[in-house]
Amino acid sequence: MDTSTTNDPKMEQDCSHMVKELLPQVDQLVASGKLPAALDQLHALEKKTRAAADLWSTTQLLERIVDICAQAQEWVMLEQQVAAMAKKHAQLKQAITKMVQKAMTYLDQAAEPTRIELIDGLRKVTEGKMFVEVEYARLTRMRANIYEQQGQINKAADLLQEVQVETSMDRREKTDFILEQMRLCLAKRDFIRMAIISRKINQKYFEHEGTEDLKLRYFELMIQYDVHEENYLEVSRHYYAIYTMPSIKADASKWPSMLQNMVLYLVMAPYGNEQADMLHRIQQDHNLETLPHSCQLVKIFTTMELTRWSVVEQNTNKQVLRDRVIEHNVRVIAKYYLRATIQQLTRLLELSADEVETFISKAVVSGTIYARIDRPAGIVTFAQPREGEEQLNAWASDVNKLLNLVEKTTHLISKEEIVNKIARAI
């Protein structure tokens, strides 16, 4: 790859007057239909301007070559001329860049089969050259869009993944390009590569003004990815990011669905400190009161009370949500019960004995509760046993409380006896 910059050599001779004299003559030749003669004159002078390192003159000549071929609808000749000029010895890099940019402006005028060939030709010219990497990226994106329109999603995704966008591209365009790579990866269902590419985007960039459309696209793509990966807490965070966007907040037709989905995926996420904290923060949102079903879900999972699945089932039939309701009920029982029989738990949780044991085991493994199952006795113990030192401290604390209570009682008895003596003396 050519990693050199666009710093061209210093100009040795000013050939601008020669270019200004030649261009009208070239226009006359083109008007009279003498296209090869016009190109020959341009080539002859281009060789002199290139040797003199005259950037302005060389650029004018190369752009005029492109204009002549494009206006004559000679697309094959245009491709050949661009390739030949780019390969010239000591060709000025900035002149090549301007030539390619000029050729790209005519792409939409070419018919579809010819347009594809022209795009491929320009991609070959720009491939491996750092000073035209932005043009190469744009051309590659055009070609990928054509593959996608033809239904060749895999080819489109693979082609676009080859492009590594560097810092020379404008940050907004660079972000837009990465989002397009992410979208095609999702279309191809290449979720691993999609996750890798998504890390190239710094979310702090979305805090800048004028990036709301990119922010919306980014989080919509991330929602699709995390739903597939069943990262429900992340999905809820993505919906929250969209929900807090000013344009969404101001649109009464959009924010209710965002808030509803945010609540749904949040309660579907496994229990944890972050999930519980986010749930309590959402509970403070006044907009939640306008969504009865979502408000009910939040209330159920923030209140330490047993909940029947039949109550929640009216909102959704998702199996994941049913598991979260059962896990919530297990945490409630572990908080209020020291011990319980399996029969009691099957009645409280509305599950079979095997299902009760399964959910209690999962809760213990995740560290949510402490429990020990005595299968022969059919008893589940939720009270965590204390270590020797801890037990002694508890006993000492109980003895101190007892002695304080005895002392207080003795004092009250003595006080009552004194009051009675005084009353009899009077």
# chains A, B, ... in the order shown; residues from 1 in each chain; ligands from 1
>>> select_by_dssp(residues="stretch 256-420 of chain A", states="helix (DSSP H, G or I)", output="ChimeraX atom specification")
/A:256-268,273-283,286-290,292-302,309-312,319-336,342-349,353-365,388-420
>>> residues_around(residues="stretch 115-132 of chain A", least_positions_apart="4", cutoff="9 Å", atoms="only C-alpha atoms", output="JSON, numbers by chain")
{"A": [1, 2, 3, 4, 5, 6, 75, 76, 78, 79, 80, 82, 83, 86, 87, 93, 94, 96, 97, 100, 103, 104, 107, 108, 109, 110, 111, 136, 137, 139, 140, 142, 143, 146, 168]}
>>> write_last_selection(atoms="N, CA and C atoms", output="compact mmCIF listing (two decimals), in the first residue's frame")
# COMPACT_ATOMS: atom_id res chain seq x y z
N MET A 1 0.84 -1.19 0.00
CA MET A 1 0.00 0.00 0.00
C MET A 1 0.88 1.24 0.00
N ASP A 2 0.45 2.22 -0.81
CA ASP A 2 1.18 3.49 -0.85
C ASP A 2 0.77 4.32 0.35
N THR A 3 1.67 4.44 1.32
CA THR A 3 1.36 5.16 2.56
C THR A 3 1.86 6.59 2.53
N SER A 4 2.38 7.04 1.39
CA SER A 4 2.89 8.40 1.31
C SER A 4 1.75 9.41 1.37
N THR A 5 2.05 10.60 1.81
CA THR A 5 1.04 11.64 1.93
C THR A 5 0.85 12.35 0.60
N THR A 6 0.04 13.39 0.61
CA THR A 6 -0.22 14.14 -0.62
C THR A 6 0.76 15.29 -0.80
N TRP A 75 -17.32 5.94 -22.14
CA TRP A 75 -17.05 5.48 -20.78
C TRP A 75 -15.86 4.53 -20.71
N VAL A 76 -15.70 3.70 -21.70
CA VAL A 76 -14.54 2.80 -21.72
C VAL A 76 -13.25 3.61 -21.85
N LEU A 78 -12.89 6.67 -20.92
CA LEU A 78 -12.71 7.39 -19.65
C LEU A 78 -11.98 6.52 -18.63
N GLU A 79 -12.42 5.27 -18.54
CA GLU A 79 -11.77 4.35 -17.60
C GLU A 79 -10.31 4.14 -17.96
N GLN A 80 -10.04 3.99 -19.25
CA GLN A 80 -8.66 3.77 -19.70
C GLN A 80 -7.79 5.00 -19.46
N VAL A 82 -8.18 7.43 -17.19
CA VAL A 82 -7.93 7.62 -15.75
C VAL A 82 -6.85 6.65 -15.28
N ALA A 83 -6.96 5.39 -15.71
CA ALA A 83 -5.97 4.39 -15.29
C ALA A 83 -4.57 4.74 -15.82
N ALA A 86 -3.08 7.89 -14.01
CA ALA A 86 -2.70 7.62 -12.63
C ALA A 86 -1.39 6.85 -12.54
N LYS A 87 -1.04 6.13 -13.62
CA LYS A 87 0.18 5.32 -13.61
C LYS A 87 1.40 6.07 -14.14
N LYS A 93 0.15 13.48 -6.75
CA LYS A 93 -0.89 12.77 -6.02
C LYS A 93 -2.19 13.58 -5.90
N GLN A 94 -2.05 14.88 -5.65
CA GLN A 94 -3.25 15.69 -5.56
C GLN A 94 -3.97 15.80 -6.89
N ILE A 96 -4.07 13.35 -9.09
CA ILE A 96 -4.79 12.08 -9.22
C ILE A 96 -6.09 12.14 -8.43
N THR A 97 -6.01 12.69 -7.22
CA THR A 97 -7.20 12.78 -6.37
C THR A 97 -8.28 13.60 -7.06
N VAL A 100 -9.83 11.66 -10.02
CA VAL A 100 -10.76 10.60 -9.60
C VAL A 100 -12.07 11.22 -9.12
N ALA A 103 -14.09 12.21 -12.09
CA ALA A 103 -14.67 11.03 -12.75
C ALA A 103 -15.87 10.51 -11.97
N MET A 104 -15.82 10.58 -10.65
CA MET A 104 -16.92 10.09 -9.82
C MET A 104 -18.20 10.91 -10.01
N LEU A 107 -20.52 9.29 -12.67
CA LEU A 107 -20.95 7.90 -12.54
C LEU A 107 -22.44 7.72 -12.74
N ASP A 108 -23.23 8.67 -12.24
CA ASP A 108 -24.69 8.54 -12.34
C ASP A 108 -25.19 8.71 -13.77
N GLN A 109 -24.37 9.25 -14.66
CA GLN A 109 -24.80 9.46 -16.04
C GLN A 109 -24.60 8.21 -16.90
N ALA A 110 -23.83 7.28 -16.40
CA ALA A 110 -23.56 6.06 -17.18
C ALA A 110 -24.66 5.03 -16.95
N ALA A 111 -24.95 4.24 -17.99
CA ALA A 111 -25.95 3.17 -17.86
C ALA A 111 -25.41 2.10 -16.91
N TYR A 136 -11.74 5.69 -2.51
CA TYR A 136 -11.83 4.23 -2.61
C TYR A 136 -12.98 3.71 -1.74
N ALA A 137 -13.12 4.27 -0.54
CA ALA A 137 -14.19 3.85 0.36
C ALA A 137 -15.55 4.18 -0.24
N LEU A 139 -16.33 4.57 -3.45
CA LEU A 139 -16.55 3.70 -4.61
C LEU A 139 -16.92 2.29 -4.17
N THR A 140 -16.25 1.80 -3.13
CA THR A 140 -16.56 0.46 -2.63
C THR A 140 -17.97 0.41 -2.08
N MET A 142 -20.48 2.22 -3.12
CA MET A 142 -21.37 2.19 -4.30
C MET A 142 -21.49 0.77 -4.85
N ARG A 143 -20.33 0.10 -4.93
CA ARG A 143 -20.34 -1.27 -5.49
C ARG A 143 -21.08 -2.21 -4.57
N ILE A 146 -24.78 -1.88 -5.07
CA ILE A 146 -25.23 -2.57 -6.28
C ILE A 146 -25.39 -4.06 -6.01
N SER A 168 -8.48 10.09 7.64
CA SER A 168 -8.57 11.09 6.57
C SER A 168 -10.01 11.40 6.19
>>> closest_residue(among="A:Met222, A:Leu92, A:Met258, A:Val19", to="A:Ser57", atoms="only C-alpha atoms")
A:Val19
>>> closest_residue(among="A:Val406, A:Ile248, A:Leu55, A:Ile333", to="A:Glu12", atoms="only C-alpha atoms")
A:Leu55
>>> residues_around(residues="stretch 381-388 of chain A", least_positions_apart="3", cutoff="9 Å", atoms="only C-alpha atoms", output="list in words")
Ile333, Ala334, Lys335, Tyr337, Leu338, Arg339, Ala340, Thr341, Ile369, Tyr370, Ala371, Arg372, Ile373, Asp374, Gln391, Leu392 and Asn393 of chain A
>>> atom_distance(atom1="atom CA of A:Ile201", atom2="atom CA of A:Val267")
27.9 Å
>>> atom_distance(atom1="atom CA of A:Tyr147", atom2="atom CA of A:Glu135")
18.6 Å
>>> atom_distance(atom1="atom CA of A:Gln284", atom2="atom CA of A:Val312")
21.0 Å
>>> select_by_dssp(residues="stretch 189-404 of chain A", states="strand (DSSP E)", output="ChimeraX atom specification")
/A:339-341,372-374,379-381
>>> write_last_selection(atoms="all heavy atoms", output="mmCIF file, in the first residue's frame")
data_model
loop_
_atom_site.group_PDB
_atom_site.id
_atom_site.type_symbol
_atom_site.label_atom_id
_atom_site.label_comp_id
_atom_site.auth_asym_id
_atom_site.auth_seq_id
_atom_site.Cartn_x
_atom_site.Cartn_y
_atom_site.Cartn_z
ATOM 1 N N ARG A 339 -37.188 -21.093 56.660
ATOM 2 C CA ARG A 339 -37.294 -22.454 56.126
ATOM 3 C C ARG A 339 -38.673 -22.629 55.510
ATOM 4 O O ARG A 339 -39.634 -21.987 55.921
ATOM 5 C CB ARG A 339 -37.100 -23.507 57.219
ATOM 6 C CG ARG A 339 -35.691 -23.583 57.785
ATOM 7 C CD ARG A 339 -35.503 -24.848 58.621
ATOM 8 N NE ARG A 339 -36.526 -24.991 59.653
ATOM 9 C CZ ARG A 339 -36.729 -26.107 60.357
ATOM 10 N NH1 ARG A 339 -35.962 -27.166 60.129
ATOM 11 N NH2 ARG A 339 -37.662 -26.148 61.280
ATOM 12 N N ALA A 340 -38.756 -23.518 54.530
ATOM 13 C CA ALA A 340 -40.044 -23.820 53.909
ATOM 14 C C ALA A 340 -39.969 -25.214 53.313
ATOM 15 O O ALA A 340 -38.910 -25.656 52.854
ATOM 16 C CB ALA A 340 -40.375 -22.797 52.833
ATOM 17 N N THR A 341 -41.089 -25.900 53.321
ATOM 18 C CA THR A 341 -41.139 -27.232 52.725
ATOM 19 C C THR A 341 -41.312 -27.101 51.216
ATOM 20 O O THR A 341 -41.780 -26.066 50.706
ATOM 21 C CB THR A 341 -42.301 -28.055 53.304
ATOM 22 O OG1 THR A 341 -43.541 -27.396 52.969
ATOM 23 C CG2 THR A 341 -42.170 -28.169 54.824
ATOM 24 N N ARG A 372 -30.328 -24.019 51.039
ATOM 25 C CA ARG A 372 -29.885 -25.412 51.105
ATOM 26 C C ARG A 372 -31.116 -26.301 51.077
ATOM 27 O O ARG A 372 -32.076 -26.065 51.825
ATOM 28 C CB ARG A 372 -29.067 -25.670 52.380
ATOM 29 C CG ARG A 372 -27.689 -25.024 52.389
ATOM 30 C CD ARG A 372 -26.781 -25.652 51.345
ATOM 31 N NE ARG A 372 -25.431 -25.069 51.357
ATOM 32 C CZ ARG A 372 -25.058 -24.071 50.615
ATOM 33 N NH1 ARG A 372 -25.943 -23.487 49.801
ATOM 34 N NH2 ARG A 372 -23.822 -23.607 50.664
ATOM 35 N N ILE A 373 -31.059 -27.302 50.175
ATOM 36 C CA ILE A 373 -32.212 -28.186 50.002
ATOM 37 C C ILE A 373 -31.933 -29.518 50.679
ATOM 38 O O ILE A 373 -30.942 -30.184 50.374
ATOM 39 C CB ILE A 373 -32.523 -28.403 48.512
ATOM 40 C CG1 ILE A 373 -32.799 -27.063 47.820
ATOM 41 C CG2 ILE A 373 -33.718 -29.339 48.342
ATOM 42 C CD1 ILE A 373 -33.000 -27.172 46.321
ATOM 43 N N ASP A 374 -32.811 -29.895 51.597
ATOM 44 C CA ASP A 374 -32.757 -31.204 52.250
ATOM 45 C C ASP A 374 -33.783 -32.089 51.563
ATOM 46 O O ASP A 374 -34.976 -32.063 51.884
ATOM 47 C CB ASP A 374 -33.066 -31.056 53.739
ATOM 48 C CG ASP A 374 -32.888 -32.384 54.503
ATOM 49 O OD1 ASP A 374 -32.752 -33.430 53.820
ATOM 50 O OD2 ASP A 374 -32.885 -32.363 55.741
ATOM 51 N N ILE A 379 -37.238 -30.140 52.803
ATOM 52 C CA ILE A 379 -37.195 -28.799 53.403
ATOM 53 C C ILE A 379 -36.098 -27.972 52.739
ATOM 54 O O ILE A 379 -34.998 -28.464 52.475
ATOM 55 C CB ILE A 379 -36.940 -28.881 54.922
ATOM 56 C CG1 ILE A 379 -38.102 -29.606 55.615
ATOM 57 C CG2 ILE A 379 -36.756 -27.487 55.524
ATOM 58 C CD1 ILE A 379 -37.880 -29.827 57.091
ATOM 59 N N VAL A 380 -36.401 -26.695 52.482
ATOM 60 C CA VAL A 380 -35.434 -25.748 51.939
ATOM 61 C C VAL A 380 -35.139 -24.722 53.020
ATOM 62 O O VAL A 380 -36.041 -24.089 53.569
ATOM 63 C CB VAL A 380 -35.970 -25.037 50.679
ATOM 64 C CG1 VAL A 380 -34.937 -24.058 50.145
ATOM 65 C CG2 VAL A 380 -36.345 -26.044 49.611
ATOM 66 N N THR A 381 -33.845 -24.569 53.344
ATOM 67 C CA THR A 381 -33.421 -23.607 54.366
ATOM 68 C C THR A 381 -32.832 -22.384 53.683
ATOM 69 O O THR A 381 -31.906 -22.489 52.882
ATOM 70 C CB THR A 381 -32.369 -24.240 55.295
ATOM 71 O OG1 THR A 381 -32.927 -25.414 55.887
ATOM 72 C CG2 THR A 381 -31.972 -23.269 56.394
#
>>> closest_atom_pairs(of="stretch 267-317 of chain A", to="stretch 354-364 of chain A", cutoff="12 Å", atoms="only C-alpha atoms", output="JSON lines")
{"residue": "A:Pro270", "atom": "CA", "partner": "A:Ala363", "partner_atom": "CA", "distance": 10.3}
{"residue": "A:Tyr271", "atom": "CA", "partner": "A:Ala363", "partner_atom": "CA", "distance": 9.6}
{"residue": "A:Gly272", "atom": "CA", "partner": "A:Ala363", "partner_atom": "CA", "distance": 11.3}
>>> closest_residue(among="A:Val419, A:Leu216, A:Ile153, A:Ala38", to="A:Asp190", atoms="only C-alpha atoms")
A:Ile153
>>> closest_atom_pairs(of="stretch 90-195 of chain A", to="stretch 226-242 of chain A", cutoff="12 Å", atoms="only C-alpha atoms", output="tab-separated table")
residue	atom	partner	partner_atom	distance
A:Leu186	CA	A:His228	CA	10.2
A:Arg189	CA	A:His228	CA	9.8
A:Asp190	CA	A:His228	CA	11.2
A:Phe191	CA	A:His228	CA	8.6
A:Ile192	CA	A:Glu229	CA	10.2
A:Met194	CA	A:Asp226	CA	10.9
A:Ala195	CA	A:Asp226	CA	9.5
>>> write_last_selection(atoms="N, CA, C and O atoms", output="PDB file, in the first residue's frame")
ATOM      1  N   LEU A 186     -25.279  -7.404   9.881  1.00  0.00           N
ATOM      2  CA  LEU A 186     -26.535  -7.916  10.435  1.00  0.00           C
ATOM      3  C   LEU A 186     -27.361  -8.608   9.343  1.00  0.00           C
ATOM      4  O   LEU A 186     -27.959  -9.648   9.581  1.00  0.00           O
ATOM      5  N   ARG A 189     -26.039 -11.742   8.876  1.00  0.00           N
ATOM      6  CA  ARG A 189     -26.121 -12.486  10.141  1.00  0.00           C
ATOM      7  C   ARG A 189     -24.735 -12.896  10.630  1.00  0.00           C
ATOM      8  O   ARG A 189     -24.547 -13.956  11.221  1.00  0.00           O
ATOM      9  N   ASP A 190     -23.784 -12.009  10.399  1.00  0.00           N
ATOM     10  CA  ASP A 190     -22.432 -12.191  10.920  1.00  0.00           C
ATOM     11  C   ASP A 190     -22.325 -11.336  12.191  1.00  0.00           C
ATOM     12  O   ASP A 190     -21.802 -10.231  12.189  1.00  0.00           O
ATOM     13  N   PHE A 191     -22.836 -11.889  13.292  1.00  0.00           N
ATOM     14  CA  PHE A 191     -22.978 -11.109  14.515  1.00  0.00           C
ATOM     15  C   PHE A 191     -21.626 -10.875  15.204  1.00  0.00           C
ATOM     16  O   PHE A 191     -21.452  -9.853  15.869  1.00  0.00           O
ATOM     17  N   ILE A 192     -20.699 -11.780  15.048  1.00  0.00           N
ATOM     18  CA  ILE A 192     -19.383 -11.606  15.680  1.00  0.00           C
ATOM     19  C   ILE A 192     -18.658 -10.412  15.067  1.00  0.00           C
ATOM     20  O   ILE A 192     -18.140  -9.538  15.772  1.00  0.00           O
ATOM     21  N   MET A 194     -20.007  -8.016  13.432  1.00  0.00           N
ATOM     22  CA  MET A 194     -20.792  -6.809  13.714  1.00  0.00           C
ATOM     23  C   MET A 194     -20.407  -6.228  15.070  1.00  0.00           C
ATOM     24  O   MET A 194     -20.264  -5.010  15.231  1.00  0.00           O
ATOM     25  N   ALA A 195     -20.228  -7.104  16.069  1.00  0.00           N
ATOM     26  CA  ALA A 195     -19.843  -6.635  17.407  1.00  0.00           C
ATOM     27  C   ALA A 195     -18.456  -5.996  17.377  1.00  0.00           C
ATOM     28  O   ALA A 195     -18.210  -4.980  18.045  1.00  0.00           O
TER      29      ALA A 195
END
>>> closest_residue(among="A:Ala377, A:Leu160, A:Leu45, A:Ala425", to="A:Leu62", atoms="only C-alpha atoms")
A:Leu45
>>> closest_residue(among="A:Ile223, A:Ile197, A:Ile282, A:Ile413", to="A:Thr244", atoms="only C-alpha atoms")
A:Ile282
